[in-house]
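Asker: Pasting input_36.txt here (compact mmCIF, C-alpha atoms):
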# COMPACT_ATOMS: atom_id res chain seq x y z
CA MET A 1 11.57 9.86 3.18
CA SER A 2 8.10 9.27 1.70
CA LEU A 3 6.07 8.90 4.91
CA PRO A 4 6.37 12.58 5.83
CA HIS A 5 5.32 13.48 2.29
CA ALA A 6 2.34 11.11 2.45
CA ILE A 7 1.27 12.80 5.69
CA LEU A 8 1.75 16.29 4.23
CA THR A 9 -0.38 15.27 1.24
CA ALA A 10 -3.16 13.91 3.45
CA LEU A 11 -3.13 17.02 5.66
CA LEU A 12 -3.25 19.34 2.65
CA GLU A 13 -6.26 17.42 1.39
CA GLN A 14 -7.92 17.88 4.79
CA PRO A 15 -6.57 19.03 8.18
CA SER A 16 -6.93 16.06 10.52
CA SER A 17 -6.19 14.71 13.95
CA GLY A 18 -3.72 11.87 14.29
CA LEU A 19 -6.56 9.39 14.70
CA GLU A 20 -8.40 10.69 11.62
CA LEU A 21 -5.14 10.56 9.68
CA THR A 22 -4.47 6.94 10.61
CA ARG A 23 -8.01 6.03 9.54
CA ARG A 24 -7.50 7.79 6.21
CA PHE A 25 -4.26 5.86 5.74
CA ASP A 26 -6.15 2.63 6.38
CA ARG A 27 -8.76 3.56 3.74
CA SER A 28 -6.69 5.13 0.95
CA ILE A 29 -3.03 6.13 1.15
CA GLY A 30 -2.20 2.86 2.88
CA PHE A 31 -3.00 0.97 -0.32
CA PHE A 32 0.26 2.24 -1.82
CA TRP A 33 2.23 3.58 1.15
CA SER A 34 1.61 1.73 4.39
CA ALA A 35 2.46 2.97 7.86
CA THR A 36 1.57 1.88 11.35
CA HIS A 37 -0.36 4.18 13.65
CA GLN A 38 2.79 4.58 15.78
CA GLN A 39 4.83 5.64 12.73
CA ILE A 40 2.20 8.21 11.78
CA TYR A 41 2.05 9.72 15.28
CA ARG A 42 5.85 9.79 15.53
CA GLU A 43 6.10 11.50 12.13
CA LEU A 44 3.44 14.07 13.10
CA GLY A 45 5.66 15.03 16.03
CA ARG A 46 8.71 15.38 13.76
CA LEU A 47 6.83 17.42 11.18
CA GLU A 48 5.56 19.74 13.91
CA THR A 49 9.03 20.10 15.46
CA THR A 50 10.57 20.99 12.09
CA GLY A 51 7.90 23.63 11.40
CA LEU A 52 6.20 21.91 8.47
CA ILE A 53 2.85 21.45 10.25
CA ARG A 54 1.18 22.83 13.35
CA ALA A 55 -1.56 21.77 15.69
CA LEU A 56 -4.59 23.99 15.25
CA PRO A 57 -5.50 26.06 18.31
CA GLN A 58 -8.02 24.34 20.57
CA ALA A 59 -11.22 26.11 21.65
CA GLY A 60 -11.15 24.65 25.14
CA PRO A 61 -9.03 22.59 27.51
CA VAL A 62 -6.42 20.60 25.59
CA ARG A 63 -6.21 17.58 27.89
CA GLY A 64 -8.07 14.65 26.35
CA GLN A 65 -8.92 16.49 23.11
CA LYS A 66 -7.63 15.41 19.73
CA LYS A 67 -5.00 17.67 18.20
CA GLU A 68 -5.90 18.61 14.65
CA TYR A 69 -2.98 19.42 12.35
CA GLU A 70 -2.61 21.64 9.32
CA VAL A 71 0.26 22.15 6.89
CA LEU A 72 2.28 25.36 7.16
CA PRO A 73 3.73 27.19 4.12
CA ALA A 74 7.11 25.51 4.72
CA GLY A 75 5.38 22.10 4.59
CA ARG A 76 3.63 22.96 1.32
CA ALA A 77 6.98 24.13 -0.13
CA GLU A 78 8.68 20.89 0.99
CA LEU A 79 5.94 18.78 -0.58
CA ALA A 80 6.17 20.75 -3.85
CA ARG A 81 9.98 20.32 -3.86
CA TRP A 82 9.68 16.58 -3.23
CA THR A 83 6.93 16.15 -5.84
CA ALA A 84 9.16 17.66 -8.55
CA ALA A 85 12.35 15.81 -7.49
CA ALA A 86 13.78 12.94 -9.52
CA ASP A 87 13.38 9.45 -8.09
CA ASP A 88 14.41 6.18 -9.75
CA PRO A 89 12.01 3.22 -9.79
CA ARG A 90 12.53 0.88 -6.87
CA PRO A 91 13.59 -2.70 -7.54
CA ILE A 92 10.97 -5.34 -6.84
CA ARG A 93 11.52 -7.02 -3.49
CA ASP A 94 8.82 -9.63 -3.12
CA PRO A 95 9.31 -12.79 -1.03
CA LEU A 96 6.90 -14.72 -3.28
CA LEU A 97 9.18 -14.24 -6.29
CA LEU A 98 12.14 -15.42 -4.22
CA ARG A 99 10.12 -18.48 -3.14
CA LEU A 100 9.57 -19.39 -6.80
CA ARG A 101 13.28 -19.05 -7.48
CA ALA A 102 14.02 -21.28 -4.48
CA ALA A 103 11.39 -23.81 -5.58
CA ALA A 104 13.31 -24.21 -8.84
CA VAL A 105 16.14 -25.59 -6.69
CA VAL A 106 14.39 -27.46 -3.85
CA GLY A 107 11.08 -28.44 -5.46
CA THR A 108 7.55 -27.13 -5.50
CA ALA A 109 6.02 -29.06 -2.57
CA GLY A 110 3.47 -26.79 -0.84
CA LEU A 111 4.04 -23.89 -3.23
CA ASP A 112 0.70 -24.29 -5.01
CA THR A 113 -1.16 -23.56 -1.76
CA GLU A 114 0.76 -20.33 -1.22
CA LEU A 115 0.32 -19.25 -4.85
CA ARG A 116 -3.44 -19.87 -4.65
CA ARG A 117 -3.61 -17.91 -1.37
CA HIS A 118 -1.85 -14.97 -3.04
CA LEU A 119 -4.17 -15.27 -6.04
CA ASP A 120 -7.20 -15.03 -3.73
CA LEU A 121 -5.71 -12.00 -1.94
CA HIS A 122 -4.99 -10.18 -5.21
CA ARG A 123 -8.46 -11.00 -6.57
CA ALA A 124 -9.98 -9.52 -3.40
CA GLN A 125 -7.82 -6.37 -3.65
CA LEU A 126 -8.71 -5.97 -7.33
CA ALA A 127 -12.41 -6.26 -6.48
CA HIS A 128 -11.94 -3.64 -3.75
CA TYR A 129 -10.23 -1.20 -6.15
CA GLU A 130 -12.94 -1.78 -8.75
CA ALA A 131 -15.60 -1.05 -6.11
CA ILE A 132 -13.80 2.20 -5.23
CA GLY A 133 -13.78 3.06 -8.93
CA ARG A 134 -17.51 2.47 -9.26
CA ARG A 135 -18.19 4.49 -6.11
CA ASP A 136 -15.81 7.42 -6.63
CA PHE A 137 -15.55 7.54 -10.44
CA PRO A 138 -18.87 6.38 -11.94
CA ALA A 139 -18.85 5.42 -15.61
CA GLY A 140 -18.72 8.47 -17.81
CA GLU A 141 -17.68 10.78 -14.97
CA GLU A 142 -13.92 10.06 -15.03
CA ASP A 143 -13.34 13.26 -17.02
CA GLY A 144 -14.72 15.42 -14.21
CA ALA A 145 -12.90 13.52 -11.47
CA GLU A 146 -9.58 14.49 -10.00
CA PRO A 147 -7.36 13.10 -12.79
CA LEU A 148 -4.34 12.31 -10.61
CA GLN A 149 -6.39 10.48 -7.98
CA TYR A 150 -8.04 8.52 -10.79
CA ALA A 151 -4.57 7.75 -12.22
CA VAL A 152 -3.49 6.31 -8.85
CA LEU A 153 -6.61 4.12 -8.76
CA ARG A 154 -5.97 2.95 -12.34
CA ALA A 155 -2.39 2.04 -11.32
CA GLY A 156 -3.74 -0.06 -8.45
CA VAL A 157 -6.25 -1.80 -10.73
CA GLY A 158 -3.53 -2.41 -13.32
CA LEU A 159 -1.08 -3.86 -10.80
CA GLU A 160 -3.67 -6.12 -9.21
CA SER A 161 -4.87 -7.23 -12.67
CA PHE A 162 -1.28 -8.13 -13.55
CA TRP A 163 -0.83 -10.15 -10.35
CA VAL A 164 -4.13 -12.00 -10.86
CA ARG A 165 -3.19 -12.94 -14.45
CA TRP A 166 0.40 -13.84 -13.57
CA LEU A 167 -0.55 -15.94 -10.53
CA ALA A 168 -3.30 -17.78 -12.42
CA GLU A 169 -0.82 -18.63 -15.20
CA THR A 170 1.88 -19.62 -12.72
CA VAL A 171 -0.48 -21.92 -10.78
CA GLU A 172 -1.64 -23.48 -14.05
CA ASN A 173 1.93 -24.10 -15.23
CA LEU A 174 3.44 -25.08 -11.87
CA PRO A 175 5.45 -28.29 -12.21
CA PRO A 176 4.02 -31.04 -10.02
CA ALA A 177 5.73 -31.63 -6.71
CA PRO A 178 7.50 -34.96 -6.58
CA GLY A 179 5.74 -37.66 -4.61
CA PRO A 180 7.32 -39.49 -1.69
CA PRO A 181 10.43 -41.45 -2.62
CA SER A 182 9.95 -45.07 -3.54
CA VAL A 183 11.46 -47.84 -1.39
CA GLU A 184 14.37 -48.20 -3.84
CA GLU A 185 15.11 -44.43 -3.80
CA SER A 186 14.93 -44.05 -0.04
CA GLY A 187 17.23 -46.94 0.67
CA ASN A 188 14.93 -48.15 3.45
CA PRO A 189 13.75 -51.68 2.73
CA SER A 190 10.45 -52.60 4.36
Could you spell out this file's structure in structure tokens?

Answerer:
Amino acid sequence: MSLPHAILTALLEQPSSGLELTRRFDRSIGFFWSATHQQIYRELGRLETTGLIRALPQAGPVRGQKKEYEVLPAGRAELARWTAAADDPRPIRDPLLLRLRAAAVVGTAGLDTELRRHLDLHRAQLAHYEAIGRRDFPAGEEDGAEPLQYAVLRAGVGLESFWVRWLAETVENLPPAPGPPSVEESGNPS
């Protein structure tokens, strides 16, 4: 149920066309709530059908022009209701953690490569978040910034910092993968 609320949030921040909205998802909201362009366009249609948003009137012929959407009072009320509603934390569902659990049973061969790849990805994402922080919230200006947007950025930095530390420690402490079996172990005499 969160995609419609992410779209309502983005449209309340700035009325947008579907294309502009998908670009904004790619640059910001998508960091913590991802959606494909098809999902966004499909959801725009649903939100319009249910009376939560509307396409702004066009000044000329509609064919070939981008529809720009705005949130209606019912959409704002729905977003306010959802914002105040209770929601339990979601359990972690990460294939990498399951891979580690499986490696405890079948061995760690090849796992170090995947852990290092994840470490590189999380380092890159952390650097990206830090660059956003420097650009959008320069040192000493955090107090004047939008505090909730800054809180979301700090959450992203904190999560990526955790993953970088945890992955670096895990790679460092990864048990070595066993080598190929010896002739005696394999049962295949030369």

Asker: Hey, which of A:Arg99, A:Lys67, A:Arg135, A:Arg42 ends up closest to A:Leu19? Count only C-alpha atoms.

Answerer: A:Lys67

Asker: Using all atoms listed in the file, determine which residues lie at most 9 Å from A:His118, disregarding the query and same-chain residues fewer than 5 positions distant; provide the list as an mmCIF file with C-alpha atoms, in the frame of the given file.

Answerer:
data_model
loop_
_atom_site.group_PDB
_atom_site.id
_atom_site.type_symbol
_atom_site.label_atom_id
_atom_site.label_comp_id
_atom_site.auth_asym_id
_atom_site.auth_seq_id
_atom_site.Cartn_x
_atom_site.Cartn_y
_atom_site.Cartn_z
ATOM 1 C CA LEU A 96 6.900 -14.720 -3.280
ATOM 2 C CA THR A 113 -1.160 -23.560 -1.760
ATOM 3 C CA ARG A 123 -8.460 -11.000 -6.570
ATOM 4 C CA TRP A 163 -0.830 -10.150 -10.350
ATOM 5 C CA VAL A 164 -4.130 -12.000 -10.860
ATOM 6 C CA LEU A 167 -0.550 -15.940 -10.530
#

Asker: Write out as a ChimeraX atom specification which residues come within 9 Å of A:Gly156 when counting only C-alpha atoms, dropping same-chain ones fewer than 3 positions away.

Answerer: /A:31-32,125-126,129,151-153,159-161

Asker: Counting all atoms listed in the file, figure out which residue out of A:Ile7, A:Ala177, A:Ala139, A:Leu56 gets nearest to A:Ala104.

Answerer: A:Ala177

Asker: Quick one: residues within 9 Å of A:Ile40, all atoms listed in the file counted, chain neighbours fewer than 6 positions away excluded, as an MDAnalysis selection string?

Answerer: chainID A and resid 3:4 7 18 21:22

Asker: Report as JSON lines the residues of stretch 2-66 of chain A within 6 Å of stretch 70-86 of chain A, each with its shortest atom pair and distance in Å (one decimal), using all atoms listed in the file, ordered by chain and increasing residue number.

Answerer:
{"residue": "A:Leu11", "atom": "CA", "partner": "A:Glu70", "partner_atom": "CA", "distance": 5.9}
{"residue": "A:Pro15", "atom": "CA", "partner": "A:Glu70", "partner_atom": "CA", "distance": 4.9}
{"residue": "A:Leu52", "atom": "CA", "partner": "A:Gly75", "partner_atom": "CA", "distance": 4.0}
{"residue": "A:Ile53", "atom": "CA", "partner": "A:Val71", "partner_atom": "CA", "distance": 4.3}
{"residue": "A:Arg54", "atom": "CA", "partner": "A:Glu70", "partner_atom": "CA", "distance": 5.7}

Asker: Just the number, please: distance in Å from atom CA of A:His37 to atom CA of A:Gln149, one decimal.

Answerer: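 Rounded to one decimal, the two atoms are 23.3 Å apart.
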
Asker: What does the distance between atom CA of A:Ile29 and atom CA of A:Arg46 come to in Å, to one decimal place?

Answerer: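 These atoms are spaced 19.6 Å apart.
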
Asker: Pick the closest to A:Glu130 from A:Leu47, A:Ala155, A:Leu97, A:Leu8: which is it, counting all atoms listed in the file?

Answerer: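 Counting all atoms listed in the file, the residue closest to A:Glu130 is A:Ala155.
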